[in-house]
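Student: Structure: coords.txt, compact mmCIF, C-alpha atoms.
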# COMPACT_ATOMS: atom_id res chain seq x y z
CA MET A 1 30.17 72.88 207.74
CA ILE A 2 33.89 73.05 208.59
CA ASN A 3 36.19 73.79 205.64
CA ILE A 4 39.45 71.88 205.34
CA LEU A 5 42.18 72.43 202.74
CA VAL A 6 44.06 69.31 201.59
CA VAL A 7 47.35 70.00 199.78
CA ASP A 8 49.00 67.03 198.08
CA ASP A 9 50.37 66.42 194.60
CA SER A 10 48.78 62.96 194.57
CA LEU A 11 45.27 63.03 193.15
CA THR A 12 44.63 59.64 194.78
CA ILE A 13 45.45 61.01 198.23
CA ARG A 14 43.29 64.10 197.70
CA VAL A 15 40.33 61.99 196.56
CA LYS A 16 40.70 59.65 199.56
CA PHE A 17 40.76 62.61 201.94
CA LYS A 18 37.81 64.27 200.22
CA ASP A 19 35.69 61.10 200.24
CA TYR A 20 36.48 60.24 203.84
CA LEU A 21 36.22 63.74 205.32
CA SER A 22 33.06 64.54 203.36
CA GLU A 23 31.44 61.47 204.93
CA HIS A 24 32.22 63.03 208.32
CA GLY A 25 30.62 66.37 207.51
CA PHE A 26 33.62 68.39 206.37
CA GLU A 27 33.83 70.54 203.23
CA VAL A 28 37.14 69.70 201.52
CA HIS A 29 39.07 72.05 199.23
CA GLU A 30 41.96 70.58 197.24
CA ALA A 31 45.29 71.84 195.93
CA SER A 32 48.09 69.93 194.19
CA ASN A 33 50.90 72.19 195.48
CA GLY A 34 51.57 75.09 197.81
CA MET A 35 51.07 77.76 195.16
CA GLU A 36 47.56 76.49 194.33
CA ALA A 37 46.84 76.24 198.05
CA LEU A 38 47.76 79.90 198.62
CA GLU A 39 45.31 80.91 195.89
CA ILE A 40 42.56 78.84 197.50
CA LEU A 41 43.27 80.45 200.88
CA LYS A 42 43.00 83.91 199.34
CA ARG A 43 39.54 83.06 198.00
CA ASN A 44 38.33 81.15 201.10
CA SER A 45 38.84 82.90 204.41
CA ASP A 46 36.72 80.25 206.14
CA ILE A 47 39.32 77.44 205.94
CA LYS A 48 39.59 76.08 209.51
CA LEU A 49 42.34 73.45 209.00
CA ILE A 50 45.12 72.75 206.51
CA ILE A 51 46.44 69.25 205.82
CA SER A 52 49.60 69.36 203.71
CA ASP A 53 52.14 67.02 202.21
CA LEU A 54 55.78 68.15 202.20
CA ASN A 55 57.19 66.94 198.89
CA MET A 56 55.32 68.64 196.06
CA PRO A 57 56.28 70.37 192.81
CA ILE A 58 56.13 74.15 192.24
CA MET A 59 55.92 74.97 195.97
CA ASP A 60 56.74 72.38 198.64
CA GLY A 61 54.94 72.05 201.96
CA MET A 62 57.49 73.86 204.14
CA THR A 63 57.59 76.88 201.85
CA PHE A 64 53.80 76.90 201.71
CA ILE A 65 53.59 76.83 205.53
CA GLU A 66 56.06 79.72 205.79
CA PHE A 67 53.83 81.81 203.51
CA VAL A 68 50.67 80.87 205.42
CA ARG A 69 52.15 81.78 208.80
CA LYS A 70 53.35 85.18 207.52
CA GLU A 71 49.77 86.18 206.65
CA GLU A 72 47.61 87.55 209.45
CA THR A 73 44.74 85.26 208.43
CA GLY A 74 47.02 82.19 208.52
CA LYS A 75 48.60 82.63 211.93
CA GLU A 76 45.85 80.79 213.81
CA VAL A 77 44.79 78.14 211.28
CA PRO A 78 45.87 74.69 212.51
CA ILE A 79 48.23 72.90 210.12
CA MET A 80 48.75 69.16 209.93
CA ILE A 81 51.57 67.60 207.92
CA TYR A 82 50.69 64.33 206.22
CA SER A 83 53.88 62.82 204.82
CA THR A 84 56.12 59.80 204.37
CA GLU A 85 58.99 61.85 205.83
CA LEU A 86 60.16 60.65 209.24
CA ASP A 87 63.27 62.83 209.64
CA LYS A 88 63.39 64.37 213.14
CA SER A 89 65.07 67.54 211.90
CA LEU A 90 62.23 68.09 209.40
CA LYS A 91 59.69 67.62 212.17
CA GLU A 92 61.55 70.15 214.33
CA GLU A 93 61.69 72.63 211.47
CA ALA A 94 57.97 72.16 210.87
CA LYS A 95 57.23 72.72 214.54
CA LYS A 96 59.21 75.98 214.49
CA LEU A 97 57.14 77.10 211.49
CA GLY A 98 53.96 76.52 213.44
CA VAL A 99 52.85 73.05 212.38
CA ASN A 100 50.39 71.68 214.92
CA ALA A 101 50.42 67.96 214.06
CA TRP A 102 52.33 65.42 211.99
CA VAL A 103 50.70 62.24 210.69
CA SER A 104 52.65 59.66 208.71
CA LYS A 105 51.49 58.03 205.50
CA PRO A 106 49.84 55.67 204.62
CA LEU A 107 46.36 57.00 205.33
CA ASP A 108 44.98 55.70 208.61
CA GLN A 109 41.49 57.18 208.58
CA SER A 110 40.78 56.84 212.30
CA LYS A 111 44.14 58.44 213.20
CA ILE A 112 43.51 61.32 210.80
CA LEU A 113 39.99 61.93 212.13
CA THR A 114 41.22 61.87 215.75
CA ALA A 115 43.98 64.35 214.93
CA ILE A 116 41.55 66.64 213.06
CA LYS A 117 39.06 66.66 215.92
CA GLY A 118 41.86 67.45 218.37
CA LEU A 119 43.13 70.35 216.27
CA LEU A 120 39.68 71.83 215.74
CA LYS A 121 38.91 71.73 219.47
CA ASP A 122 41.74 74.09 220.39
Can the structure from this file be put into structure tokens for me?

Tutor:
Amino acid sequence: MINILVVDDSLTIRVKFKDYLSEHGFEVHEASNGMEALEILKRNSDIKLIISDLNMPIMDGMTFIEFVRKEETGKEVPIMIYSTELDKSLKEEAKKLGVNAWVSKPLDQSKILTAIKGLLKD
């Protein structure tokens, strides 16, 4: 089973991801902010994909991604941003940090699944 980490401060979003991705054979780990997500990554070296929001308390998505990419184990893990943000400069900054995909809210399940399959193929 492929392990995916979903990082979002919205419980509703996390539950929707977990329900949908579990139906498609993925094991979903959840975190409500970047700090929690880093702890989960330390305990689970088998995470194959990270889906993260940007705007979260305690540690935002960009800061979280910076920390992930600095770790040897996080350099190759595909990262998808899932956010309401549409700012081009944010997308460019994310790309420089090593973000592999950007999907806009609201949740379009078929778009998310297509993006996930594409990222896991590489």

Student: So that I can see what lies close to Asp46 (chain A), please list as an NGL selection string the residues with an atom at most 12 Å from it, counting all atoms listed in the file and leaving out residues fewer than 6 positions away in the same chain.

Tutor: :A and (1-5 or 27-29 or 40 or 73-74 or 76-77)

Student: Residues near Gln109 (chain A), anyone? I mean within 10 Å using only C-alpha atoms, not counting same-chain ones fewer than 5 positions away, as a ChimeraX atom specification.

Tutor: /A:16-17,20-21,114-115

Student: For a cut-off of 9 Å around (48.6, 73.9, 197.1), file coordinates, pick out all residues using all atoms listed in the file and list them as number ranges by chain.

Tutor: A: 5-9, 30-40, 52, 56, 58-61, 64

Student: Return the padded bounding box of region 44-61 of chain A as lines of an AutoDock Vina configuration file: axis-aligned, built from all atoms listed in the file, 3 Å added on each side, with centre and edge lengths in Å to one decimal.

Tutor:
center_x = 47.0
center_y = 74.9
center_z = 200.9
size_x = 26.5
size_y = 22.0
size_z = 23.3

Student: Of the candidates A:His24, A:Lys48, A:Lys18, A:Lys91, which shows the shortest atom-to-atom distance to Val103 (chain A), using all atoms listed in the file?

Tutor: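 Closest residue, counting all atoms listed in the file: A:Lys91.
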
Student: What separation in Å, quoted to one decimal, exists between CA of Glu23 (chain A) and CA of Leu120 (chain A)?

Tutor: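 So the two atoms, CA of Glu23 (chain A) and CA of Leu120 (chain A), lie 17.1 Å apart.
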
Student: State, in Å with one decimal place, the distance from CA of Leu97 (chain A) to CA of Thr63 (chain A).

Tutor: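 CA of Thr63 (chain A) lies at a distance of 9.7 Å from CA of Leu97 (chain A).
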
Student: Quick one: pull the distance between CA of Ser110 (chain A) and CA of Lys95 (chain A), Å, one decimal.

Tutor: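 Computing it gives 23.0 Å between the two atoms.
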